[in-house]
$ cat run.cif   # mmCIF, C-alpha atoms
data_structure
loop_
_atom_site.label_atom_id
_atom_site.label_comp_id
_atom_site.auth_asym_id
_atom_site.auth_seq_id
_atom_site.Cartn_x
_atom_site.Cartn_y
_atom_site.Cartn_z
CA MET A 1 0.00 0.00 0.00
CA LYS A 2 1.94 2.97 -1.28
CA TYR A 3 0.16 5.58 0.86
CA LEU A 4 0.93 3.95 4.21
CA SER A 5 3.82 5.60 6.06
CA GLN A 6 6.92 3.50 6.72
CA LYS A 7 6.73 3.47 10.53
CA HIS A 8 3.04 2.66 10.31
CA GLU A 9 3.77 -0.25 7.98
CA LYS A 10 6.46 -1.48 10.36
CA LEU A 11 3.97 -1.44 13.25
CA VAL A 12 1.43 -3.37 11.15
CA GLU A 13 4.07 -5.98 10.32
CA ALA A 14 5.08 -6.34 13.99
CA LEU A 15 1.44 -6.80 15.04
CA ARG A 16 0.84 -9.27 12.26
CA LYS A 17 3.42 -11.66 13.70
CA LEU A 18 1.13 -12.25 16.70
CA PRO A 19 -0.92 -15.45 16.59
CA SER A 20 -4.42 -15.21 15.04
CA ILE A 21 -3.75 -11.63 13.89
CA GLY A 22 -4.08 -11.27 10.13
CA ARG A 23 -3.20 -8.27 7.96
CA LYS A 24 -6.64 -6.67 8.34
CA THR A 25 -6.73 -6.98 12.14
CA ALA A 26 -3.13 -5.77 12.37
CA LEU A 27 -4.10 -2.69 10.35
CA ARG A 28 -7.10 -2.04 12.58
CA LEU A 29 -4.99 -2.42 15.74
CA ALA A 30 -2.29 -0.11 14.34
CA PHE A 31 -4.82 2.58 13.44
CA TYR A 32 -6.36 2.21 16.89
CA LEU A 33 -3.00 2.56 18.65
CA LEU A 34 -2.17 5.66 16.60
CA LYS A 35 -5.50 7.22 17.56
CA GLN A 36 -5.00 6.61 21.30
CA PRO A 37 -3.48 9.24 23.58
CA GLN A 38 0.33 9.00 23.75
CA GLU A 39 0.43 7.49 27.26
CA GLU A 40 -2.09 4.73 26.52
CA ALA A 41 -0.28 3.50 23.42
CA LEU A 42 3.08 3.67 25.19
CA GLU A 43 1.56 1.79 28.16
CA LEU A 44 1.33 -1.29 25.93
CA ALA A 45 4.89 -0.84 24.65
CA GLU A 46 6.11 -0.53 28.26
CA ALA A 47 4.06 -3.52 29.44
CA ILE A 48 5.64 -5.72 26.75
CA LYS A 49 9.15 -4.52 27.64
CA ASP A 50 8.56 -4.84 31.38
CA ALA A 51 7.03 -8.30 31.23
CA LYS A 52 9.67 -9.54 28.80
CA GLU A 53 12.54 -8.25 30.91
CA SER A 54 11.33 -9.33 34.35
CA ILE A 55 9.71 -12.68 33.63
CA GLN A 56 11.62 -15.95 33.64
CA TYR A 57 10.84 -19.67 33.76
CA CYS A 58 10.39 -21.53 37.05
CA PRO A 59 13.36 -23.94 37.37
CA VAL A 60 11.08 -26.57 38.95
CA CYS A 61 8.02 -26.74 36.69
CA GLY A 62 8.80 -24.41 33.76
CA ASN A 63 5.93 -22.01 34.47
CA ILE A 64 6.30 -18.27 33.90
CA THR A 65 7.37 -16.38 37.02
CA GLU A 66 8.81 -13.12 38.30
CA ASN A 67 10.34 -14.82 41.33
CA ASP A 68 12.88 -17.65 41.76
CA ILE A 69 10.17 -20.28 41.99
CA CYS A 70 6.67 -19.89 40.52
CA LYS A 71 3.61 -19.24 42.67
CA VAL A 72 2.17 -22.74 42.12
CA CYS A 73 5.37 -24.51 43.16
CA ALA A 74 5.77 -22.13 46.11
CA ASP A 75 2.22 -22.79 47.39
CA THR A 76 2.70 -25.23 50.30
CA SER A 77 -1.04 -26.02 50.44
CA ARG A 78 -0.91 -27.90 47.11
CA ASP A 79 -0.74 -31.69 46.83
CA ARG A 80 2.91 -32.55 46.10
CA THR A 81 2.24 -36.17 45.21
CA THR A 82 0.62 -35.41 41.85
CA ILE A 83 2.15 -33.72 38.80
CA CYS A 84 0.08 -32.69 35.81
CA VAL A 85 2.16 -32.54 32.62
CA VAL A 86 1.08 -29.86 30.10
CA GLU A 87 2.57 -28.41 26.92
CA GLU A 88 2.45 -24.66 27.61
CA PRO A 89 2.05 -22.22 30.53
CA MET A 90 -1.31 -21.23 28.98
CA ASP A 91 -2.55 -24.79 29.66
CA LEU A 92 -1.66 -24.43 33.35
CA TYR A 93 -3.62 -21.19 33.37
CA SER A 94 -6.71 -22.87 31.83
CA LEU A 95 -6.60 -25.68 34.38
CA GLU A 96 -6.14 -23.26 37.28
CA LYS A 97 -9.08 -21.21 36.03
CA ALA A 98 -11.27 -24.35 36.05
CA ASN A 99 -10.31 -24.54 39.74
CA PHE A 100 -10.52 -28.29 40.50
CA TYR A 101 -6.91 -29.51 40.36
CA THR A 102 -4.82 -29.11 43.50
CA GLY A 103 -1.55 -30.83 42.55
CA LEU A 104 1.62 -29.50 40.93
CA TYR A 105 2.45 -29.00 37.24
CA HIS A 106 5.23 -29.69 34.80
CA ILE A 107 5.39 -27.61 31.64
CA LEU A 108 7.13 -29.29 28.73
CA GLY A 109 7.46 -26.16 26.60
CA GLY A 110 5.80 -27.78 23.59
CA ALA A 111 5.15 -31.23 22.15
CA LEU A 112 7.19 -33.73 20.14
CA SER A 113 7.08 -32.77 16.47
CA PRO A 114 9.69 -34.37 14.20
CA LEU A 115 8.47 -32.27 11.24
CA ASP A 116 9.27 -29.06 13.15
CA GLY A 117 12.50 -30.57 14.45
CA ILE A 118 11.26 -30.75 18.05
CA GLY A 119 12.68 -33.85 19.74
CA PRO A 120 12.63 -35.06 23.38
CA GLU A 121 15.78 -33.03 24.19
CA ASP A 122 13.93 -29.81 23.27
CA LEU A 123 11.24 -30.47 25.88
CA ARG A 124 11.63 -30.41 29.67
CA ILE A 125 11.43 -34.22 29.93
CA ALA A 126 14.76 -34.78 31.70
CA GLU A 127 13.65 -32.30 34.37
CA LEU A 128 10.43 -34.30 34.81
CA VAL A 129 12.39 -37.54 35.29
CA SER A 130 14.53 -35.82 37.95
CA ARG A 131 11.41 -34.66 39.78
CA ILE A 132 9.98 -38.19 39.79
CA LYS A 133 13.28 -39.66 41.03
CA GLU A 134 13.06 -37.46 44.12
CA GLY A 135 10.40 -39.96 45.29
CA THR A 136 7.55 -37.71 46.50
CA VAL A 137 5.41 -37.94 43.36
CA LYS A 138 2.91 -40.83 43.18
CA GLU A 139 0.95 -39.95 40.01
CA ILE A 140 1.68 -38.17 36.74
CA ILE A 141 -1.40 -36.95 34.85
CA ILE A 142 -0.46 -36.34 31.21
CA ALA A 143 -2.57 -33.45 29.90
CA THR A 144 -0.91 -32.76 26.54
CA ASN A 145 -3.33 -31.81 23.73
CA PRO A 146 -5.24 -34.71 22.14
CA ASP A 147 -3.69 -34.07 18.69
CA THR A 148 -0.95 -35.98 16.83
CA GLU A 149 1.95 -34.21 18.58
CA GLY A 150 0.33 -34.26 22.02
CA GLU A 151 -0.58 -37.97 21.74
CA ALA A 152 2.95 -38.88 20.61
CA THR A 153 4.37 -36.86 23.51
CA ALA A 154 2.05 -38.59 25.99
CA LEU A 155 3.09 -42.01 24.68
CA TYR A 156 6.79 -41.10 24.79
CA ILE A 157 6.59 -39.83 28.36
CA SER A 158 4.65 -42.88 29.55
CA LYS A 159 7.35 -45.14 28.06
CA ILE A 160 10.19 -43.16 29.63
CA MET A 161 8.45 -43.17 33.03
CA ASN A 162 7.53 -46.87 32.93
CA PRO A 163 10.60 -48.12 34.82
CA LEU A 164 10.01 -45.56 37.58
CA SER A 165 7.58 -46.45 40.38
CA VAL A 166 4.93 -43.87 39.54
CA LYS A 167 1.34 -44.16 38.32
CA ILE A 168 0.93 -42.64 34.84
CA THR A 169 -2.51 -41.50 33.67
CA ARG A 170 -3.81 -39.65 30.60
CA ILE A 171 -6.79 -37.26 30.64
CA ALA A 172 -9.85 -38.70 28.87
CA THR A 173 -10.76 -38.01 25.24
CA GLY A 174 -14.49 -37.77 24.56
CA ILE A 175 -17.42 -35.58 23.67
CA PRO A 176 -17.20 -32.19 25.42
CA MET A 177 -20.03 -31.25 27.81
CA GLY A 178 -22.81 -29.31 26.10
CA SER A 179 -21.81 -30.61 22.66
CA ASN A 180 -23.86 -32.72 20.22
CA ILE A 181 -23.11 -36.23 19.03
CA ASP A 182 -23.97 -35.35 15.43
CA TYR A 183 -21.42 -32.50 15.42
CA THR A 184 -18.66 -34.70 16.87
CA ASP A 185 -15.96 -36.14 14.57
CA GLY A 186 -15.57 -39.90 14.13
CA ILE A 187 -12.25 -40.28 15.95
CA THR A 188 -13.61 -38.53 19.04
CA LEU A 189 -16.76 -40.67 18.94
CA SER A 190 -14.77 -43.90 18.69
CA LYS A 191 -12.50 -42.76 21.57
CA ALA A 192 -15.60 -41.91 23.65
CA PHE A 193 -17.01 -45.40 22.98
CA LYS A 194 -13.75 -47.13 23.86
CA SER A 195 -13.42 -45.17 27.11
CA ARG A 196 -17.08 -45.71 28.09
CA GLY A 197 -17.76 -46.31 31.77
CA GLU A 198 -20.59 -47.87 33.75
CA ILE A 199 -23.25 -45.48 35.01
CA MET B 1 -6.10 -15.52 38.65
CA LYS B 2 -3.90 -15.70 41.72
CA TYR B 3 -1.07 -17.62 40.04
CA LEU B 4 -0.44 -15.08 37.25
CA SER B 5 2.55 -12.81 37.90
CA GLN B 6 1.93 -9.08 38.27
CA LYS B 7 3.84 -7.92 35.17
CA HIS B 8 2.18 -10.64 33.15
CA GLU B 9 -1.25 -9.53 34.34
CA LYS B 10 -0.37 -5.92 33.45
CA LEU B 11 0.58 -6.98 29.92
CA VAL B 12 -2.70 -8.90 29.57
CA GLU B 13 -4.65 -5.83 30.69
CA ALA B 14 -2.79 -3.56 28.23
CA LEU B 15 -3.47 -5.98 25.35
CA ARG B 16 -7.10 -6.31 26.37
CA LYS B 17 -7.68 -2.60 25.76
CA LEU B 18 -7.14 -3.17 22.02
CA PRO B 19 -10.31 -3.42 19.92
CA SER B 20 -11.74 -6.93 19.37
CA ILE B 21 -9.25 -8.42 21.87
CA GLY B 22 -11.01 -10.16 24.76
CA ARG B 23 -9.48 -11.55 27.94
CA LYS B 24 -8.80 -14.98 26.41
CA THR B 25 -7.07 -13.60 23.29
CA ALA B 26 -5.10 -11.12 25.41
CA LEU B 27 -3.88 -14.03 27.54
CA ARG B 28 -2.88 -16.01 24.46
CA LEU B 29 -1.04 -13.02 22.97
CA ALA B 30 0.76 -12.35 26.27
CA PHE B 31 1.89 -15.97 26.58
CA TYR B 32 3.03 -15.86 22.96
CA LEU B 33 5.04 -12.66 23.48
CA LEU B 34 6.69 -14.11 26.58
CA LYS B 35 7.68 -17.22 24.65
CA GLN B 36 9.26 -15.25 21.78
CA PRO B 37 12.97 -14.42 21.70
CA GLN B 38 13.76 -11.13 23.47
CA GLU B 39 14.37 -9.13 20.26
CA GLU B 40 11.13 -10.19 18.57
CA ALA B 41 8.93 -9.21 21.51
CA LEU B 42 10.79 -5.94 21.93
CA GLU B 43 10.45 -5.27 18.18
CA LEU B 44 6.70 -4.82 18.72
CA ALA B 45 7.26 -2.55 21.73
CA GLU B 46 9.69 -0.46 19.69
CA ALA B 47 7.38 -0.35 16.65
CA ILE B 48 4.54 1.03 18.80
CA LYS B 49 6.82 3.64 20.38
CA ASP B 50 8.39 4.61 17.03
CA ALA B 51 5.11 4.91 15.17
CA LYS B 52 3.43 6.78 18.00
CA GLU B 53 6.28 9.27 18.31
CA SER B 54 6.91 9.97 14.64
CA ILE B 55 3.41 9.92 13.20
CA GLN B 56 1.19 12.98 13.09
CA TYR B 57 -1.98 14.07 11.31
CA CYS B 58 -1.90 15.70 7.85
CA PRO B 59 -3.02 19.35 8.34
CA VAL B 60 -4.90 19.22 5.01
CA CYS B 61 -6.93 16.01 5.11
CA GLY B 62 -6.35 14.57 8.60
CA ASN B 63 -4.70 11.38 7.38
CA ILE B 64 -1.84 9.77 9.31
CA THR B 65 1.59 10.86 8.06
CA GLU B 66 5.27 10.98 8.96
CA ASN B 67 5.82 14.10 6.82
CA ASP B 68 4.32 17.59 6.85
CA ILE B 69 1.64 16.67 4.34
CA CYS B 70 0.38 13.11 3.76
CA LYS B 71 1.30 11.04 0.72
CA VAL B 72 -2.19 11.28 -0.81
CA CYS B 73 -2.35 15.08 -0.56
CA ALA B 74 1.24 15.35 -1.83
CA ASP B 75 0.53 13.17 -4.90
CA THR B 76 0.14 15.68 -7.74
CA SER B 77 -1.32 13.05 -10.09
CA ARG B 78 -4.57 12.84 -8.08
CA ASP B 79 -7.79 14.59 -9.05
CA ARG B 80 -7.99 17.74 -6.89
CA THR B 81 -11.62 18.54 -7.78
CA THR B 82 -13.11 15.68 -5.74
CA ILE B 83 -12.95 15.10 -1.99
CA CYS B 84 -14.14 11.89 -0.39
CA VAL B 85 -15.20 12.43 3.24
CA VAL B 86 -14.55 9.46 5.56
CA GLU B 87 -14.67 8.90 9.30
CA GLU B 88 -11.26 7.35 9.99
CA PRO B 89 -7.82 6.92 8.34
CA MET B 90 -8.61 3.18 8.13
CA ASP B 91 -11.48 4.01 5.72
CA LEU B 92 -9.05 5.86 3.45
CA TYR B 93 -6.85 2.80 3.51
CA SER B 94 -9.74 0.48 2.53
CA LEU B 95 -10.70 2.74 -0.38
CA GLU B 96 -7.09 3.02 -1.56
CA LYS B 97 -6.76 -0.75 -1.41
CA ALA B 98 -9.83 -1.11 -3.67
CA ASN B 99 -7.84 1.02 -6.10
CA PHE B 100 -10.56 2.84 -8.08
CA TYR B 101 -10.82 6.30 -6.50
CA THR B 102 -8.36 8.93 -7.71
CA GLY B 103 -9.49 12.07 -5.85
CA LEU B 104 -8.50 13.50 -2.48
CA TYR B 105 -9.80 12.67 0.99
CA HIS B 106 -10.99 14.41 4.11
CA ILE B 107 -10.89 12.48 7.37
CA LEU B 108 -13.37 13.66 9.98
CA GLY B 109 -11.83 11.76 12.88
CA GLY B 110 -15.12 10.09 13.81
CA ALA B 111 -18.86 10.64 13.41
CA LEU B 112 -21.48 12.74 15.19
CA SER B 113 -22.63 10.92 18.31
CA PRO B 114 -24.50 13.00 20.91
CA LEU B 115 -24.60 10.03 23.31
CA ASP B 116 -20.79 9.88 23.33
CA GLY B 117 -20.57 13.66 23.50
CA ILE B 118 -19.15 14.00 19.97
CA GLY B 119 -20.50 17.16 18.32
CA PRO B 120 -19.60 18.93 15.05
CA GLU B 121 -16.78 20.87 16.75
CA ASP B 122 -15.04 17.56 17.61
CA LEU B 123 -14.87 16.57 13.94
CA ARG B 124 -12.75 18.19 11.22
CA ILE B 125 -15.79 19.84 9.60
CA ALA B 126 -14.55 23.45 9.78
CA GLU B 127 -11.38 22.34 7.96
CA LEU B 128 -13.56 20.77 5.25
CA VAL B 129 -15.50 24.02 4.79
CA SER B 130 -12.20 25.92 4.42
CA ARG B 131 -11.02 23.47 1.76
CA ILE B 132 -14.26 23.91 -0.21
CA LYS B 133 -14.04 27.71 0.05
CA GLU B 134 -10.68 27.62 -1.75
CA GLY B 135 -12.75 26.96 -4.88
CA THR B 136 -10.94 24.02 -6.53
CA VAL B 137 -13.27 21.28 -5.30
CA LYS B 138 -16.33 20.47 -7.45
CA GLU B 139 -17.71 17.40 -5.69
CA ILE B 140 -17.80 16.03 -2.16
CA ILE B 141 -18.50 12.31 -1.87
CA ILE B 142 -19.66 11.52 1.66
CA ALA B 143 -18.46 8.03 2.57
CA THR B 144 -19.24 7.89 6.29
CA ASN B 145 -20.49 4.52 7.55
CA PRO B 146 -24.16 3.72 6.79
CA ASP B 147 -25.07 3.48 10.50
CA THR B 148 -26.95 5.94 12.73
CA GLU B 149 -23.92 8.12 13.50
CA GLY B 150 -22.56 8.03 9.95
CA GLU B 151 -25.96 8.87 8.42
CA ALA B 152 -26.45 11.77 10.84
CA THR B 153 -22.97 13.05 10.01
CA ALA B 154 -23.64 12.80 6.26
CA LEU B 155 -26.87 14.74 6.66
CA TYR B 156 -25.21 17.39 8.82
CA ILE B 157 -22.34 17.91 6.36
CA SER B 158 -24.70 18.12 3.38
CA LYS B 159 -26.70 20.83 5.18
CA ILE B 160 -23.56 22.80 6.12
CA MET B 161 -22.22 22.56 2.55
CA ASN B 162 -25.53 23.45 0.90
CA PRO B 163 -24.84 27.21 0.59
CA LEU B 164 -21.45 26.51 -0.99
CA SER B 165 -21.28 25.90 -4.74
CA VAL B 166 -20.25 22.27 -4.59
CA LYS B 167 -21.96 19.04 -5.62
CA ILE B 168 -22.63 16.80 -2.60
CA THR B 169 -23.10 13.06 -3.10
CA ARG B 170 -23.49 10.07 -0.76
CA ILE B 171 -22.21 6.57 -1.52
CA ALA B 172 -25.02 4.10 -2.24
CA THR B 173 -26.53 1.77 0.35
CA GLY B 174 -27.57 -1.64 -0.97
CA ILE B 175 -26.91 -5.35 -1.05
CA PRO B 176 -23.16 -6.10 -1.16
CA MET B 177 -21.81 -8.01 -4.15
CA GLY B 178 -21.75 -11.78 -3.61
CA SER B 179 -24.36 -11.57 -0.86
CA ASN B 180 -27.84 -13.14 -0.73
CA ILE B 181 -31.17 -11.36 -0.61
CA ASP B 182 -32.50 -13.72 2.06
CA TYR B 183 -29.57 -12.91 4.37
CA THR B 184 -29.98 -9.14 3.92
CA ASP B 185 -31.71 -7.08 6.62
CA GLY B 186 -34.94 -5.22 5.88
CA ILE B 187 -33.55 -1.67 6.05
CA THR B 188 -30.83 -2.49 3.52
CA LEU B 189 -33.37 -4.16 1.23
CA SER B 190 -35.70 -1.14 1.35
CA LYS B 191 -32.75 1.19 0.66
CA ALA B 192 -31.68 -0.99 -2.27
CA PHE B 193 -35.22 -0.83 -3.68
CA LYS B 194 -35.44 2.94 -3.25
CA SER B 195 -32.07 3.46 -4.95
CA ARG B 196 -32.84 1.06 -7.80
CA GLY B 197 -31.55 2.04 -11.23
CA GLU B 198 -32.47 1.11 -14.78
CA ILE B 199 -30.47 -1.73 -16.32
#
$ encode --input "run.cif" --output "structure tokens"
Amino acid sequence: MKYLSQKHEKLVEALRKLPSIGRKTALRLAFYLLKQPQEEALELAEAIKDAKESIQYCPVCGNITENDICKVCADTSRDRTTICVVEEPMDLYSLEKANFYTGLYHILGGALSPLDGIGPEDLRIAELVSRIKEGTVKEIIIATNPDTEGEATALYISKIMNPLSVKITRIATGIPMGSNIDYTDGITLSKAFKSRGEI
Amino acid sequence: MKYLSQKHEKLVEALRKLPSIGRKTALRLAFYLLKQPQEEALELAEAIKDAKESIQYCPVCGNITENDICKVCADTSRDRTTICVVEEPMDLYSLEKANFYTGLYHILGGALSPLDGIGPEDLRIAELVSRIKEGTVKEIIIATNPDTEGEATALYISKIMNPLSVKITRIATGIPMGSNIDYTDGITLSKAFKSRGEI
């Protein structure tokens, strides 16, 4: 677009790199930011810089934290015998929001994906093994996404953990609450049938 | 969410202020930014700061520009006898992208909205009158949005401009190309019927 100024175009391109933000949305956001009062637009710039510079990963579970150890790991009221394994910090957040799980977490930092060149050494699997070897943990709940990468990761972890004396479970695949059977895909339906339980 | 760090929460809140970004998307964007390499996340912060600090409004048309006068106004190849009146710089961009209009623009900076306390003096209407009084302009095409505020603004401008010797037109309301009649709302249909033309 020849009439867009260079700095404006640069802002659009930077916004466009964000997930689920296309060219049109990036344009709209850029125009919005330019229309805002100076301090409000700069507030966002500062928040990005601040967060990026002060936040690090928890050495225990891999969650995002401002302190040495993250708030979940530091919470002494949580059940230390259970670890829920998730792909990303966002997954931990979703589970915490649902407010039913009281154990600890382990964030892998992704899932196995040979096509993207992500192997076991790129995930925090060794750290998980170390945690188990400490002896406190009795159960690992694998809550990776139920897609190809997440399933492969779950299988890999369960194999690695097999020699260790720890119970390994996988969250159930099935029809989500409030959904319809006729809108559900075949693989999910077959999984839901296989995992059926007595009423 | 008690387990989210303070700086992280601040970033989420800053992102949430953007249009069409809800809490969930803001969270996803924040997690994404924190996962990116330092320089990529800071690139966005810098782009916001840079754009915000270097960009100003064109004194002629009100478009966004890095220079004294915007690129559209400075382009001598454009037709200087026609001015298209739009609400926001984003509208200019959409029209330029469609690549059929060759005249100049005038950006109002919004639309009349008594409920939001936006009156004629808050829009760049006086500047438009001055431009018309210079005598070069022969036609004003009012391209404000076809909603309550945009319609009111179009009506107001046409009344203000009436004593001046300039042709005032309004872009047509009707059924968009590729759309269906049965999906179109009643007001649009009635407008399309009223504005019908001979084939």
$ resolve_selection --input "run.cif" --expression "the PyMOL selection byres ((chain A) within 9 of (chain B))" --output "NGL selection string"
:A and (1-15 or 18-20 or 25 or 27-35 or 38 or 40-56 or 64-67 or 70-72 or 88-90 or 93 or 96-97)
$ atom_distance --input "run.cif" --atom1 "atom CA of Ile142 of chain A" --atom2 "atom CA of Ile199 of chain A"
24.8 Å
$ residues_around --input "run.cif" --residues "Gly119 of chain A" --least-positions-apart "2" --cutoff "12 Å" --atoms "all atoms listed in the file" --output "mmCIF file with C-alpha atoms, in the coordinates of the input"
data_model
loop_
_atom_site.group_PDB
_atom_site.id
_atom_site.type_symbol
_atom_site.label_atom_id
_atom_site.label_comp_id
_atom_site.auth_asym_id
_atom_site.auth_seq_id
_atom_site.Cartn_x
_atom_site.Cartn_y
_atom_site.Cartn_z
ATOM 1 C CA LEU A 108 7.130 -29.290 28.730
ATOM 2 C CA GLY A 109 7.460 -26.160 26.600
ATOM 3 C CA GLY A 110 5.800 -27.780 23.590
ATOM 4 C CA ALA A 111 5.150 -31.230 22.150
ATOM 5 C CA LEU A 112 7.190 -33.730 20.140
ATOM 6 C CA SER A 113 7.080 -32.770 16.470
ATOM 7 C CA PRO A 114 9.690 -34.370 14.200
ATOM 8 C CA LEU A 115 8.470 -32.270 11.240
ATOM 9 C CA ASP A 116 9.270 -29.060 13.150
ATOM 10 C CA GLY A 117 12.500 -30.570 14.450
ATOM 11 C CA GLU A 121 15.780 -33.030 24.190
ATOM 12 C CA ASP A 122 13.930 -29.810 23.270
ATOM 13 C CA LEU A 123 11.240 -30.470 25.880
ATOM 14 C CA ARG A 124 11.630 -30.410 29.670
ATOM 15 C CA ILE A 125 11.430 -34.220 29.930
ATOM 16 C CA GLU A 149 1.950 -34.210 18.580
ATOM 17 C CA ALA A 152 2.950 -38.880 20.610
ATOM 18 C CA THR A 153 4.370 -36.860 23.510
ATOM 19 C CA TYR A 156 6.790 -41.100 24.790
#
$ closest_residue --input "run.cif" --among "B:Ile140, B:Ala26, B:Leu95, B:Ala126" --to "Arg170 of chain B" --atoms "all atoms listed in the file"
B:Ile140
$ resolve_selection --input "run.cif" --expression "the PyMOL selection byres ((chain B and resi 103) around 8)" --output "PyMOL selection string"
chain B and resi 78-84+101-102+104-105
$ atom_distance --input "run.cif" --atom1 "atom CA of Ser165 of chain A" --atom2 "atom CA of Glu134 of chain A"
11.2 Å
$ residues_around --input "run.cif" --residues "Glu151 of chain B" --least-positions-apart "3" --cutoff "12 Å" --atoms "only C-alpha atoms" --output "VMD selection string"
chain B and resid 86 to 87 111 to 113 142 to 148 154 to 158 170 to 173
$ atom_distance --input "run.cif" --atom1 "atom CA of Gly174 of chain A" --atom2 "atom CA of Ile141 of chain A"
16.7 Å
$ build_atoms --input "run.cif" --residues "segment 167-173 of chain A" --atoms "all heavy atoms" --output "PDB file, keeping the file's coordinate frame"
ATOM      1  N   LYS A 167       2.547 -43.882  39.102  1.00  0.00           N
ATOM      2  CA  LYS A 167       1.340 -44.160  38.320  1.00  0.00           C
ATOM      3  C   LYS A 167       1.247 -43.129  37.202  1.00  0.00           C
ATOM      4  O   LYS A 167       1.425 -41.926  37.447  1.00  0.00           O
ATOM      5  CB  LYS A 167       0.128 -44.035  39.249  1.00  0.00           C
ATOM      6  CG  LYS A 167      -1.185 -44.497  38.660  1.00  0.00           C
ATOM      7  CD  LYS A 167      -2.247 -44.456  39.753  1.00  0.00           C
ATOM      8  CE  LYS A 167      -3.648 -44.466  39.170  1.00  0.00           C
ATOM      9  NZ  LYS A 167      -4.647 -44.226  40.221  1.00  0.00           N
ATOM     10  N   ILE A 168       1.003 -43.577  35.968  1.00  0.00           N
ATOM     11  CA  ILE A 168       0.930 -42.640  34.840  1.00  0.00           C
ATOM     12  C   ILE A 168      -0.484 -42.679  34.270  1.00  0.00           C
ATOM     13  O   ILE A 168      -0.967 -43.741  33.866  1.00  0.00           O
ATOM     14  CB  ILE A 168       1.945 -42.998  33.742  1.00  0.00           C
ATOM     15  CG1 ILE A 168       3.359 -43.078  34.347  1.00  0.00           C
ATOM     16  CG2 ILE A 168       1.923 -41.965  32.623  1.00  0.00           C
ATOM     17  CD1 ILE A 168       4.286 -43.970  33.558  1.00  0.00           C
ATOM     18  N   THR A 169      -1.150 -41.543  34.233  1.00  0.00           N
ATOM     19  CA  THR A 169      -2.510 -41.500  33.670  1.00  0.00           C
ATOM     20  C   THR A 169      -2.575 -40.464  32.550  1.00  0.00           C
ATOM     21  O   THR A 169      -1.723 -39.588  32.441  1.00  0.00           O
ATOM     22  CB  THR A 169      -3.547 -41.136  34.749  1.00  0.00           C
ATOM     23  OG1 THR A 169      -3.164 -39.912  35.343  1.00  0.00           O
ATOM     24  CG2 THR A 169      -3.663 -42.199  35.810  1.00  0.00           C
ATOM     25  N   ARG A 170      -3.617 -40.585  31.710  1.00  0.00           N
ATOM     26  CA  ARG A 170      -3.810 -39.650  30.600  1.00  0.00           C
ATOM     27  C   ARG A 170      -5.235 -39.118  30.730  1.00  0.00           C
ATOM     28  O   ARG A 170      -6.166 -39.895  30.997  1.00  0.00           O
ATOM     29  CB  ARG A 170      -3.652 -40.415  29.269  1.00  0.00           C
ATOM     30  CG  ARG A 170      -3.949 -39.621  28.005  1.00  0.00           C
ATOM     31  CD  ARG A 170      -2.693 -38.958  27.496  1.00  0.00           C
ATOM     32  NE  ARG A 170      -2.895 -38.312  26.191  1.00  0.00           N
ATOM     33  CZ  ARG A 170      -3.026 -36.991  26.051  1.00  0.00           C
ATOM     34  NH1 ARG A 170      -3.000 -36.189  27.103  1.00  0.00           N
ATOM     35  NH2 ARG A 170      -3.158 -36.470  24.852  1.00  0.00           N
ATOM     36  N   ILE A 171      -5.428 -37.818  30.552  1.00  0.00           N
ATOM     37  CA  ILE A 171      -6.790 -37.260  30.640  1.00  0.00           C
ATOM     38  C   ILE A 171      -7.646 -37.886  29.533  1.00  0.00           C
ATOM     39  O   ILE A 171      -7.148 -38.237  28.467  1.00  0.00           O
ATOM     40  CB  ILE A 171      -6.807 -35.720  30.548  1.00  0.00           C
ATOM     41  CG1 ILE A 171      -6.079 -35.225  29.294  1.00  0.00           C
ATOM     42  CG2 ILE A 171      -6.219 -35.091  31.792  1.00  0.00           C
ATOM     43  CD1 ILE A 171      -6.412 -33.795  28.934  1.00  0.00           C
ATOM     44  N   ALA A 172      -8.951 -38.006  29.785  1.00  0.00           N
ATOM     45  CA  ALA A 172      -9.850 -38.700  28.870  1.00  0.00           C
ATOM     46  C   ALA A 172     -10.145 -37.900  27.608  1.00  0.00           C
ATOM     47  O   ALA A 172     -10.208 -36.674  27.634  1.00  0.00           O
ATOM     48  CB  ALA A 172     -11.162 -39.020  29.584  1.00  0.00           C
ATOM     49  N   THR A 173     -10.287 -38.614  26.484  1.00  0.00           N
ATOM     50  CA  THR A 173     -10.760 -38.010  25.240  1.00  0.00           C
ATOM     51  C   THR A 173     -12.223 -38.394  25.107  1.00  0.00           C
ATOM     52  O   THR A 173     -12.589 -39.530  25.372  1.00  0.00           O
ATOM     53  CB  THR A 173      -9.980 -38.576  24.039  1.00  0.00           C
ATOM     54  OG1 THR A 173      -8.601 -38.402  24.298  1.00  0.00           O
ATOM     55  CG2 THR A 173     -10.353 -37.860  22.752  1.00  0.00           C
TER      56      THR A 173
END
